[in-house]
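Visitor: Structure supplied as run_8.txt; contents: compact mmCIF, C-alpha atoms and all ligand atoms.
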# COMPACT_ATOMS: atom_id res chain seq x y z
CA MET I 1 40.06 69.44 31.56
CA GLN I 2 42.47 69.47 28.60
CA SER I 3 43.16 72.74 26.74
CA ARG I 4 41.64 72.99 23.27
CA PHE I 5 44.71 74.78 21.87
CA PHE I 6 47.97 72.95 21.70
CA GLY I 7 50.78 74.89 23.40
CA LEU I 8 48.50 77.30 25.28
CA GLY I 9 49.99 76.19 28.62
CA ILE I 10 53.53 76.78 27.36
CA ALA I 11 52.58 80.24 26.08
CA LYS I 12 51.03 81.14 29.45
CA GLY I 13 54.15 79.94 31.25
CA MET I 14 56.42 81.95 28.93
CA ALA I 15 54.30 85.07 29.41
CA LEU I 16 54.59 84.74 33.17
CA THR I 17 58.36 84.23 32.91
CA LEU I 18 58.72 87.32 30.72
CA LYS I 19 56.62 89.37 33.15
CA HIS I 20 58.95 88.44 36.02
CA LEU I 21 62.05 88.94 33.87
CA PHE I 22 61.39 92.67 33.47
CA ARG I 23 59.99 93.27 36.94
CA ARG I 24 62.00 95.29 39.47
CA PRO I 25 63.95 92.85 41.70
CA ILE I 26 62.56 92.47 45.19
CA THR I 27 65.63 90.78 46.64
CA THR I 28 69.18 92.00 47.26
CA GLN I 29 72.33 90.41 45.90
CA TYR I 30 73.73 89.31 49.25
CA PRO I 31 76.61 89.38 50.17
CA GLU I 32 77.58 92.07 47.62
CA GLU I 33 74.59 94.18 48.61
CA ARG I 34 73.37 94.54 52.21
CA LEU I 35 70.55 96.33 53.93
CA SER I 36 70.99 97.81 57.40
CA THR I 37 69.66 95.42 60.00
CA SER I 38 67.43 96.26 62.92
CA ARG I 39 69.12 98.41 65.54
CA ARG I 40 67.98 95.85 68.10
CA ILE I 41 69.38 92.86 66.22
CA ARG I 42 70.36 89.91 68.38
CA GLY I 43 73.58 89.21 66.51
CA ASN I 44 75.48 85.98 66.99
CA GLU I 45 78.09 87.09 69.47
CA LEU I 46 78.14 88.27 73.07
CA ILE I 47 80.34 91.20 74.06
CA TRP I 48 81.59 91.46 77.62
CA ASN I 49 82.77 94.54 79.48
CA GLN I 50 85.36 93.32 81.93
CA VAL I 51 85.55 96.62 83.80
CA LYS I 52 81.83 96.73 84.57
CA CYS I 53 81.49 93.02 85.37
CA THR I 54 81.37 92.22 89.10
CA GLY I 55 81.33 88.45 88.67
CA CYS I 56 77.83 88.14 90.16
CA ALA I 57 76.98 85.29 87.72
CA THR I 58 73.40 86.49 87.23
CA CYS I 59 73.90 86.11 83.48
CA ALA I 60 74.93 82.46 83.81
CA LYS I 61 71.98 81.71 86.10
CA SER I 62 69.52 83.31 83.70
CA CYS I 63 70.77 81.48 80.61
CA PRO I 64 68.24 78.81 79.56
CA GLN I 65 70.94 77.01 77.58
CA GLY I 66 73.64 76.87 80.23
CA ALA I 67 75.92 78.49 77.67
CA ILE I 68 77.78 80.78 80.08
CA GLU I 69 80.56 79.46 82.27
CA ILE I 70 81.87 81.71 84.99
CA VAL I 71 84.47 80.99 87.64
CA THR I 72 85.23 83.58 90.31
CA LEU I 73 87.66 83.95 93.16
CA ARG I 74 87.13 85.92 96.33
CA GLY I 75 89.31 89.04 96.17
CA GLU I 76 89.95 92.01 98.41
CA GLU I 77 87.01 93.49 100.35
CA ASN I 78 84.97 90.40 99.49
CA LYS I 79 84.82 91.41 95.81
CA TYR I 80 84.82 88.76 93.13
CA ILE I 81 87.66 88.35 90.67
CA VAL I 82 86.45 86.83 87.40
CA GLU I 83 88.92 84.09 86.66
CA LYS I 84 87.01 82.47 83.84
CA PHE I 85 84.20 83.82 81.73
CA GLY I 86 83.22 81.86 78.67
CA VAL I 87 80.29 81.49 76.30
CA ASP I 88 79.61 78.51 74.08
CA SER I 89 77.95 80.12 71.09
CA GLY I 90 77.18 76.65 69.79
CA TYR I 91 74.59 76.34 72.57
CA CYS I 92 73.64 80.02 72.70
CA ILE I 93 70.31 80.84 71.06
CA PHE I 94 70.92 84.62 71.25
CA CYS I 95 67.78 85.12 73.27
CA GLY I 96 69.33 88.09 75.09
CA LEU I 97 68.15 87.00 78.55
CA CYS I 98 71.66 87.28 79.98
CA VAL I 99 71.93 90.84 78.62
CA GLU I 100 68.61 91.75 80.21
CA ALA I 101 69.53 90.08 83.49
CA CYS I 102 72.96 91.68 83.94
CA PRO I 103 72.51 94.28 86.71
CA TYR I 104 75.68 96.14 85.77
CA ASP I 105 75.27 96.58 81.98
CA ALA I 106 78.37 94.51 81.38
CA LEU I 107 77.01 92.24 78.66
CA TYR I 108 75.78 93.14 75.19
CA LEU I 109 74.65 91.39 72.09
CA SER I 110 76.57 92.03 68.91
CA TYR I 111 75.32 93.91 65.86
CA ASP I 112 77.03 91.38 63.58
CA TYR I 113 75.43 88.29 62.15
CA GLU I 114 78.15 86.76 59.99
CA LEU I 115 80.14 84.93 62.62
CA ALA I 116 79.65 81.33 61.52
CA ARG I 117 82.65 79.05 61.98
CA TYR I 118 83.79 75.86 60.27
CA ARG I 119 84.99 74.22 63.48
CA ARG I 120 82.82 73.52 66.55
CA ARG I 121 85.59 74.43 69.00
CA GLU I 122 85.84 77.92 67.50
CA LEU I 123 82.34 78.61 68.79
CA VAL I 124 83.52 78.45 72.39
CA LYS I 125 84.60 81.96 73.36
CA ASP I 126 86.82 82.64 76.33
CA LYS I 127 87.26 85.84 78.32
CA GLU I 128 89.68 87.41 75.86
CA ALA I 129 87.53 86.60 72.84
CA LEU I 130 84.46 88.13 74.46
CA LEU I 131 86.09 91.38 75.50
CA ALA I 132 84.57 94.58 74.18
CA SER I 133 86.74 96.33 71.60
CA PRO I 134 86.28 99.17 69.08
CA SER I 135 86.07 96.63 66.22
CA LYS I 136 83.04 94.91 67.79
CA ARG I 137 79.74 96.55 67.04
CA VAL I 138 77.29 96.48 69.93
CA SER I 139 73.60 95.98 69.22
CA GLY I 140 71.02 98.36 70.61
CA TYR I 141 69.14 95.36 72.05
CA TYR I 142 68.15 96.33 75.61
CA GLN I 143 70.52 99.33 75.30
CA PRO I 144 68.35 102.31 74.27
CA GLU I 145 71.22 104.82 74.39
CA ILE I 146 73.26 102.67 71.97
CA GLU I 147 70.23 102.06 69.78
CA GLN I 148 69.92 105.78 69.03
CA THR I 149 73.47 105.91 67.63
CA LEU I 150 72.96 103.08 65.12
CA PRO I 151 71.87 103.54 61.49
CA ARG I 152 68.17 103.25 60.76
CA GLN I 153 67.09 99.88 59.46
CA THR I 154 66.67 99.81 55.69
CA LEU I 155 63.87 97.78 54.20
CA LEU I 156 63.38 96.80 50.58
CA LEU I 157 59.98 98.45 50.73
CA ASP I 158 61.58 101.78 51.75
CA ARG I 159 64.13 101.56 48.97
CA GLU I 160 61.48 100.97 46.37
CA LYS I 161 59.54 103.98 47.67
CA GLU I 162 62.64 106.18 47.53
CA GLU I 163 63.35 105.12 43.95
CA ARG I 164 59.81 106.02 42.92
CA GLU I 165 60.04 109.51 44.44
S1 LIG C 201 71.83 84.99 74.73
FE1 LIG C 201 70.46 83.54 75.77
S2 LIG C 201 71.28 81.53 75.24
FE2 LIG C 201 72.89 83.00 74.75
S3 LIG C 201 74.18 83.07 76.55
FE3 LIG C 201 72.65 84.71 76.78
S4 LIG C 201 70.96 83.79 77.92
FE4 LIG C 201 72.24 82.13 77.17
S1 LIG C 202 75.50 89.38 85.16
FE1 LIG C 202 76.80 91.00 84.34
S2 LIG C 202 78.04 91.66 86.08
FE2 LIG C 202 77.15 89.66 86.63
S3 LIG C 202 78.72 88.16 85.95
FE3 LIG C 202 77.31 88.41 84.25
S4 LIG C 202 78.23 89.99 82.96
FE4 LIG C 202 79.22 90.09 84.97
Could you write out this structure as structure tokens?
Guide:
Amino acid sequence: MQSRFFGLGIAKGMALTLKHLFRRPITTQYPEERLSTSRRIRGNELIWNQVKCTGCATCAKSCPQGAIEIVTLRGEENKYIVEKFGVDSGYCIFCGLCVEACPYDALYLSYDYELARYRRRELVKDKEALLASPSKRVSGYYQPEIEQTLPRQTLLLDREKEERE
């Protein structure tokens, strides 16, 4: 049905626009402004602890994507030497199954989520690139003792509540 008053629709639209114009923003200005992510974030990188790793390959066997490549040699006392350990993050879906499966706590998911690359080949990480280091932040995913040390997740809802108080 057509409106009886010419321009009523425009006026309604303008009123709605004005209402939203003065409303408190409910989004953040990423990347300038960031909220803390979940402590159990499955960030887009795997972190490998070479010292703890025994080369058992349980992680590779549990990966549904076949994203982990591991080559081992037989060393002294029948222990494995990890010659090659690589992850193709282009195939990885960051499901965390390898982290859960590792019997020696040698694999972690990262706390970072801004690791996109321009080139496909840069997504393939070798042993050196996967090594744990102080600059890499480990996620608390499947690591309760690490989880407790991470900052609490901030939500927009919480921030709004704090501003009101
Ligand atoms: S996180 Fe999932 S997909 Fe990625 S390497 Fe581990 S098991 Fe495979
Ligand atoms: S499951 Fe853990 S210990 Fe075994 S090869 Fe993978 S990272 Fe190393």
Visitor: With only C-alpha atoms counted and 9 Å as the cut-off, give the residues of region 85-135 of chain I in contact with region 43-55 of chain I, each with its shortest interatomic distance in Å and the pair that gives it, as JSON lines.
Guide:
{"residue": "I:Phe85", "atom": "CA", "partner": "I:Gly55", "partner_atom": "CA", "distance": 8.8}
{"residue": "I:Val87", "atom": "CA", "partner": "I:Leu46", "partner_atom": "CA", "distance": 7.8}
{"residue": "I:Ser89", "atom": "CA", "partner": "I:Glu45", "partner_atom": "CA", "distance": 7.2}
{"residue": "I:Cys92", "atom": "CA", "partner": "I:Asn44", "partner_atom": "CA", "distance": 8.5}
{"residue": "I:Ile93", "atom": "CA", "partner": "I:Asn44", "partner_atom": "CA", "distance": 8.3}
{"residue": "I:Phe94", "atom": "CA", "partner": "I:Asn44", "partner_atom": "CA", "distance": 6.4}
{"residue": "I:Val99", "atom": "CA", "partner": "I:Leu46", "partner_atom": "CA", "distance": 8.7}
{"residue": "I:Cys102", "atom": "CA", "partner": "I:Cys53", "partner_atom": "CA", "distance": 8.8}
{"residue": "I:Tyr104", "atom": "CA", "partner": "I:Lys52", "partner_atom": "CA", "distance": 6.3}
{"residue": "I:Asp105", "atom": "CA", "partner": "I:Lys52", "partner_atom": "CA", "distance": 7.1}
{"residue": "I:Ala106", "atom": "CA", "partner": "I:Asn49", "partner_atom": "CA", "distance": 4.8}
{"residue": "I:Leu107", "atom": "CA", "partner": "I:Trp48", "partner_atom": "CA", "distance": 4.8}
{"residue": "I:Tyr108", "atom": "CA", "partner": "I:Ile47", "partner_atom": "CA", "distance": 5.1}
{"residue": "I:Leu109", "atom": "CA", "partner": "I:Leu46", "partner_atom": "CA", "distance": 4.8}
{"residue": "I:Ser110", "atom": "CA", "partner": "I:Gly43", "partner_atom": "CA", "distance": 4.8}
{"residue": "I:Tyr111", "atom": "CA", "partner": "I:Gly43", "partner_atom": "CA", "distance": 5.1}
{"residue": "I:Asp112", "atom": "CA", "partner": "I:Gly43", "partner_atom": "CA", "distance": 5.0}
{"residue": "I:Tyr113", "atom": "CA", "partner": "I:Gly43", "partner_atom": "CA", "distance": 4.8}
{"residue": "I:Glu114", "atom": "CA", "partner": "I:Asn44", "partner_atom": "CA", "distance": 7.5}
{"residue": "I:Leu115", "atom": "CA", "partner": "I:Asn44", "partner_atom": "CA", "distance": 6.5}
{"residue": "I:Ala116", "atom": "CA", "partner": "I:Asn44", "partner_atom": "CA", "distance": 8.3}
{"residue": "I:Lys127", "atom": "CA", "partner": "I:Trp48", "partner_atom": "CA", "distance": 8.0}
{"residue": "I:Ala129", "atom": "CA", "partner": "I:Ile47", "partner_atom": "CA", "distance": 8.6}
{"residue": "I:Leu130", "atom": "CA", "partner": "I:Ile47", "partner_atom": "CA", "distance": 5.2}
{"residue": "I:Leu131", "atom": "CA", "partner": "I:Trp48", "partner_atom": "CA", "distance": 5.0}
{"residue": "I:Ala132", "atom": "CA", "partner": "I:Ile47", "partner_atom": "CA", "distance": 5.4}
{"residue": "I:Ser133", "atom": "CA", "partner": "I:Ile47", "partner_atom": "CA", "distance": 8.6}
Visitor: Using all atoms listed in the file and a cutoff of 10 Å, can you tell me which residues are near (60.7, 90.3, 50.3) in the file's coordinates, and write them out as number ranges by chain?
Guide: I: 25-28, 155-157
Visitor: May I ask for the distance between CA of Glu145 (chain I) and CA of Ile41 (chain I), given in Å to one decimal place?
Guide: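 Computed distance, CA of Glu145 (chain I) to CA of Ile41 (chain I), equals 14.6 Å.
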Visitor: Considering all atoms listed in the file, state which residue in the set I:Ser36, I:Ser62, I:Gln143, I:Gln153 is at the smallest distance from ligand LIG 201 (chain C).
Guide: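 With all atoms listed in the file as the atom set, the closest residue is I:Ser62.
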Visitor: Given all atoms listed in the file as the basis, pick out the residue of I:Tyr80, I:Phe5, I:Tyr142, I:Tyr118 nearest to ligand LIG 201 (chain C).
Guide: I:Tyr142
Visitor: Using only C-alpha atoms and all ligand atoms, which residue out of I:Gly75, I:Pro31, I:Gly96, I:Pro103 lies closest to ligand LIG 202 (chain C)?
Guide: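 Result for the nearest residue to ligand LIG 202 (chain C): I:Pro103.
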Visitor: Which residues come within 9 Å of Glu69 (chain I), counting all atoms listed in the file, excluding same-chain residues fewer than 4 positions away, as JSON, numbers by chain?
Guide: {"I": [57, 60, 84, 85, 86, 87, 88]}
Visitor: Would you compute an axis-aligned box for ligand LIG 201 (chain C), covering every atom listed for it in the file with 8 Å of margin on each side, and report centre and edge lengths in Å to one decimal as AutoDock Vina command-line options?
Guide:
--center_x 72.3 --center_y 83.3 --center_z 76.3 --size_x 19.7 --size_y 19.5 --size_z 19.2
Visitor: Taking only C-alpha atoms and all ligand atoms into account, which of I:Asp158, I:Glu76, I:Glu100, I:Glu147 comes nearest ligand LIG 202 (chain C)?
Guide: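 Residue with the minimum atom-to-atom distance to ligand LIG 202 (chain C): I:Glu100.
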Visitor: From the list I:Val138, I:Leu16, I:Cys59, I:Ile10, which residue is nearest Ala101 (chain I) when using all atoms listed in the file?
Guide: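 That would be I:Cys59, the residue with the smallest distance to Ala101 (chain I).
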Visitor: Of the candidates I:Ile146, I:Val82, I:Leu97, I:Ile70, which shows the shortest atom-to-atom distance to ligand LIG 201 (chain C), using all atoms listed in the file?
Guide: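 For ligand LIG 201 (chain C), the nearest of the candidates is I:Leu97.
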Visitor: Suppose you want the space between CA of Tyr141 (chain I) and CA of Cys63 (chain I); what is it in Å?
Guide: 16.4 Å
Visitor: Enter the distance from CA of Lys61 (chain I) to CA of Ser135 (chain I), in Å, rounded to one decimal.
Guide: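 Pair CA of Lys61 (chain I) / CA of Ser135 (chain I) returns 28.6 Å.
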